[in-house]
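Below is one structure, written out as structure tokens; comments come after it.
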Amino acid sequence: MSRKMLAGLTLGAAAVMLAMGVSTAQGQDAAPPKNDYSDKASWLCWPGREDACAIDNSTTIVKADGSTEIETWQADPNAPVDCFYVYPTVSNDPGVISDMTANDEERRVVAQQLARFGSKCRVYAPLYRQFTLTALRAAMSGATPPAAGPRPQTGYQDVVDAWNWYLANENKGRGVVLIGHSQGSGVLTQLIKEHIDGKPVQKQLISALLIGTNLPVEKGKDVGAFQSIPLCKAADQIGCAIAYASFRDTVPPPADTLFGRAREPGSSLEAACVNPANLSGGKGELKAYLAAGRTMISGEGAPEWVKGKTVETPFVAAPGLLAAECVSKDGVNYLSVHVNADPADPRTDDIAGDVPGADGKPNAGWGLHLIDVNLAMGNLLDIVEAQSKAWLAKNPG
């Protein structure tokens, strides 16, 4: 198994293990010293700062007829609401737990998943001592695990500390959108359960975007993991959650998939699937913002977006190319992504972003996990904008 493939696989594994509350390391060490979140160096992204989120988000719009145009972008320094983001498993640091230094992998992931939200909200992204890819690679390959150290709950406690510091010092009663992917979604799910659901601070929750995870809900209902935070059904609904795991419709999840299935054996729970392209249900067009070059984790090369033209911007959007719907089959709930290929037009007929399998084909068990957020970025931005307006109308001043 290649390092590239294993990196992709372990990204998903961490999300599932943490969402399940399962430790992949043995034993427990003493809790490490707490981070100082009053120190801005403890934050990967901070409003108005030249940091990992202060990037070029310009996008080439590639239309079906082959014509292109450039979409510019800028952050809103006066955004009336906040976004609090927890990034997925990306750290290649040695050991079980990452350090508090932002490396290329942390900077790349916020460029793909968070920075664009800066046009709708002030963005806060704490660094945290996450469970590393290094430890998971060792566990999955049967190699000797990294030296003992702080355990996976360290990262969760870091995020709790960052959240509490943010609330006490920065929030000042503002509405907030929680955003996570993979391990980040698992951490946020636990944070919401223990510190937000049913608590006074819940009134400040605009929504929770818990992407690339198995958020458990009661079968046929909108609550489960949370008692008073339902799944979102409309763009102007506030205090709700969006969760999904994406797969190609041509490569659906297999029976042993780790995504799309609740992890509580014998329970009445199932994994939530909320289609960001159609919150009320049914099919909808995905407004994807995809990396114009190589994908975030797998390093898979991008397609030729349009024949005879070179894309110079960091991102590409292809209106009408992708559609999605939530599918429930054999106990698995997932976001099924369809590519509207047309060999007769000059635009690409496919996208990159699959976790590669050993045979070079997409790994069915992991689907489009690496680009879960990118696939629906435009939809999520529209939802955050509508929900923020609804929250502000209910909470004026």
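In the structure tokens, chains take the letters A, B, ... in the order shown, each chain's residues start at 1, and ligands count up from 1 in the order shown.
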
Legend entry - Long-range neighbours of Asn214 in chain A as a PyMOL selection string, 10 Å cut-off, only C-alpha atoms, 5 positions minimum in chain: chain A and resi 15-16+19-20+182+185-186+189+243-245+258-263+270-273+333-334

Write out, as a tab-separated table, each residue of range 224-289 of chain A that has an atom at most 7 Å from range 318-323 of chain A, together with the closest pair of atoms and their distance in Å to one decimal, counting only C-alpha atoms, rows going by chain and rising number.
residue	atom	partner	partner_atom	distance
A:Lys283	CA	A:Ala323	CA	6.9
A:Gly284	CA	A:Ala323	CA	5.6
A:Glu285	CA	A:Ala323	CA	4.3
A:Leu286	CA	A:Ala323	CA	5.1
A:Lys287	CA	A:Pro319	CA	6.7

Inset, instruction - Tell me which of A:Leu231, A:Ala41, A:Leu335, A:Ala288 sits closest to Thr59 in chain A, counting only C-alpha atoms. - result: A:Ala288

Polymer residues at most 7 Å from range 337-350 of chain A, only C-alpha atoms, same-chain spacing of 4 or more positions, as a short mmCIF file (atom, residue, chain, number, x, y, z; two decimals) with N, CA and C atoms, in the first residue's frame:
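File written: result-v9.cif
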data_model
loop_
_atom_site.label_atom_id
_atom_site.label_comp_id
_atom_site.auth_asym_id
_atom_site.auth_seq_id
_atom_site.Cartn_x
_atom_site.Cartn_y
_atom_site.Cartn_z
N ALA A 64 -20.32 24.73 -19.76
CA ALA A 64 -20.42 23.52 -20.57
C ALA A 64 -19.98 23.75 -22.01
N ASP A 65 -20.15 24.98 -22.52
CA ASP A 65 -19.77 25.26 -23.90
C ASP A 65 -18.28 25.54 -24.06
N GLY A 66 -17.54 25.46 -22.95
CA GLY A 66 -16.10 25.68 -23.00
C GLY A 66 -15.67 27.10 -22.70
N SER A 246 -19.90 11.67 1.21
CA SER A 246 -20.17 11.63 -0.23
C SER A 246 -19.50 10.45 -0.94
N PHE A 247 -20.22 9.90 -1.90
CA PHE A 247 -19.75 8.80 -2.74
C PHE A 247 -20.23 9.04 -4.17
N ARG A 248 -19.46 8.58 -5.13
CA ARG A 248 -19.94 8.60 -6.50
C ARG A 248 -21.14 7.66 -6.64
N ASP A 249 -22.09 8.04 -7.50
CA ASP A 249 -23.21 7.12 -7.73
C ASP A 249 -22.75 5.87 -8.48
N PRO A 303 -8.24 17.00 -13.69
CA PRO A 303 -8.48 16.74 -15.11
C PRO A 303 -8.16 17.98 -15.95
N GLU A 304 -8.16 17.81 -17.26
CA GLU A 304 -8.11 18.97 -18.15
C GLU A 304 -9.51 19.58 -18.13
N TRP A 305 -9.65 20.74 -17.51
CA TRP A 305 -10.98 21.28 -17.25
C TRP A 305 -11.73 21.63 -18.53
N VAL A 306 -11.02 22.16 -19.51
CA VAL A 306 -11.65 22.47 -20.79
C VAL A 306 -10.59 22.33 -21.88
N LYS A 307 -10.95 21.73 -22.98
CA LYS A 307 -10.00 21.46 -24.04
C LYS A 307 -9.40 22.75 -24.60
N LEU A 321 -22.24 20.61 -13.69
CA LEU A 321 -21.49 19.36 -13.88
C LEU A 321 -21.86 18.30 -12.84
N LEU A 322 -22.16 18.72 -11.62
CA LEU A 322 -22.37 17.78 -10.52
C LEU A 322 -23.76 17.93 -9.90
N ALA A 323 -24.36 16.81 -9.55
CA ALA A 323 -25.63 16.80 -8.84
C ALA A 323 -25.54 15.77 -7.72
N ALA A 324 -26.43 15.91 -6.73
CA ALA A 324 -26.37 14.99 -5.60
C ALA A 324 -27.75 14.77 -5.01
N GLU A 325 -27.89 13.61 -4.37
CA GLU A 325 -29.08 13.31 -3.59
C GLU A 325 -28.69 12.35 -2.49
#

For the strand (DSSP E or B) assignment from backbone DSSP, which residues of range 277-360 of chain A qualify? Please present them as a tab-separated table (two decimals) with C-alpha atoms, in the first residue's frame.
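What follows is the written file out16.tsv:
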chain	number	residue	atom	x	y	z
A	284	GLY	CA	-29.98	19.24	-6.35
A	285	GLU	CA	-27.06	20.81	-8.19
A	290	LEU	CA	-12.54	22.27	-6.67
A	291	ALA	CA	-8.78	22.63	-6.58
A	306	VAL	CA	-11.65	22.47	-20.79
A	315	PHE	CA	-9.96	26.99	-7.93
A	316	VAL	CA	-12.40	25.83	-10.60
A	317	ALA	CA	-16.19	25.76	-10.68
A	322	LEU	CA	-22.37	17.78	-10.52
A	323	ALA	CA	-25.63	16.80	-8.84
A	324	ALA	CA	-26.37	14.99	-5.60
A	325	GLU	CA	-29.08	13.31	-3.59
A	326	CYS	CA	-29.17	11.42	-0.31
A	327	VAL	CA	-29.55	7.69	-0.81
A	328	SER	CA	-30.59	5.15	1.81
A	329	LYS	CA	-29.77	1.56	0.91
A	332	VAL	CA	-26.29	2.99	4.65
A	333	ASN	CA	-27.20	6.66	4.20
A	334	TYR	CA	-24.92	8.70	1.97
A	335	LEU	CA	-24.71	11.62	-0.43
A	336	SER	CA	-24.69	10.16	-3.92
A	337	VAL	CA	-22.80	12.36	-6.37
A	338	HIS	CA	-23.55	12.21	-10.09
A	339	VAL	CA	-21.32	13.66	-12.81
A	347	ARG	CA	-15.64	20.61	-20.74
A	356	PRO	CA	-7.33	5.55	-4.58

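One distance worth recording is that between CA of Gln202 in chain A and CA of Ala241 in chain A, which is 12.3 Å.
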
For the contact check between range 18-94 of chain A and range 364-376 of chain A, emit one row per residue of range 18-94 of chain A within 12 Å, containing the shortest atom pair and the distance in Å rounded to one decimal, counting only C-alpha atoms, chain then rising number order, as CSV.
residue,atom,partner,partner_atom,distance
A:Tyr87,CA,A:Val373,CA,11.2
A:Pro88,CA,A:Leu370,CA,9.8
A:Thr89,CA,A:Leu370,CA,10.7
A:Val90,CA,A:Leu370,CA,10.8

Can you list every residue of range 67-149 of chain A that has an atom at most 9 Å from range 386-391 of chain A, with its nearest atom pair and the distance in Å to one decimal, using only C-alpha atoms, ordered by chain then number, as a tab-separated table?
residue	atom	partner	partner_atom	distance
A:Pro80	CA	A:Ser388	CA	8.2
A:Val81	CA	A:Ser388	CA	6.9
A:Lys120	CA	A:Ser388	CA	8.5
A:Cys121	CA	A:Ser388	CA	8.9

Legend entry - Nearest to Asp222 in chain A by atom-to-atom distance, counting only C-alpha atoms, from A:Leu269, A:Val355, A:Val384, A:Ala125: A:Leu269
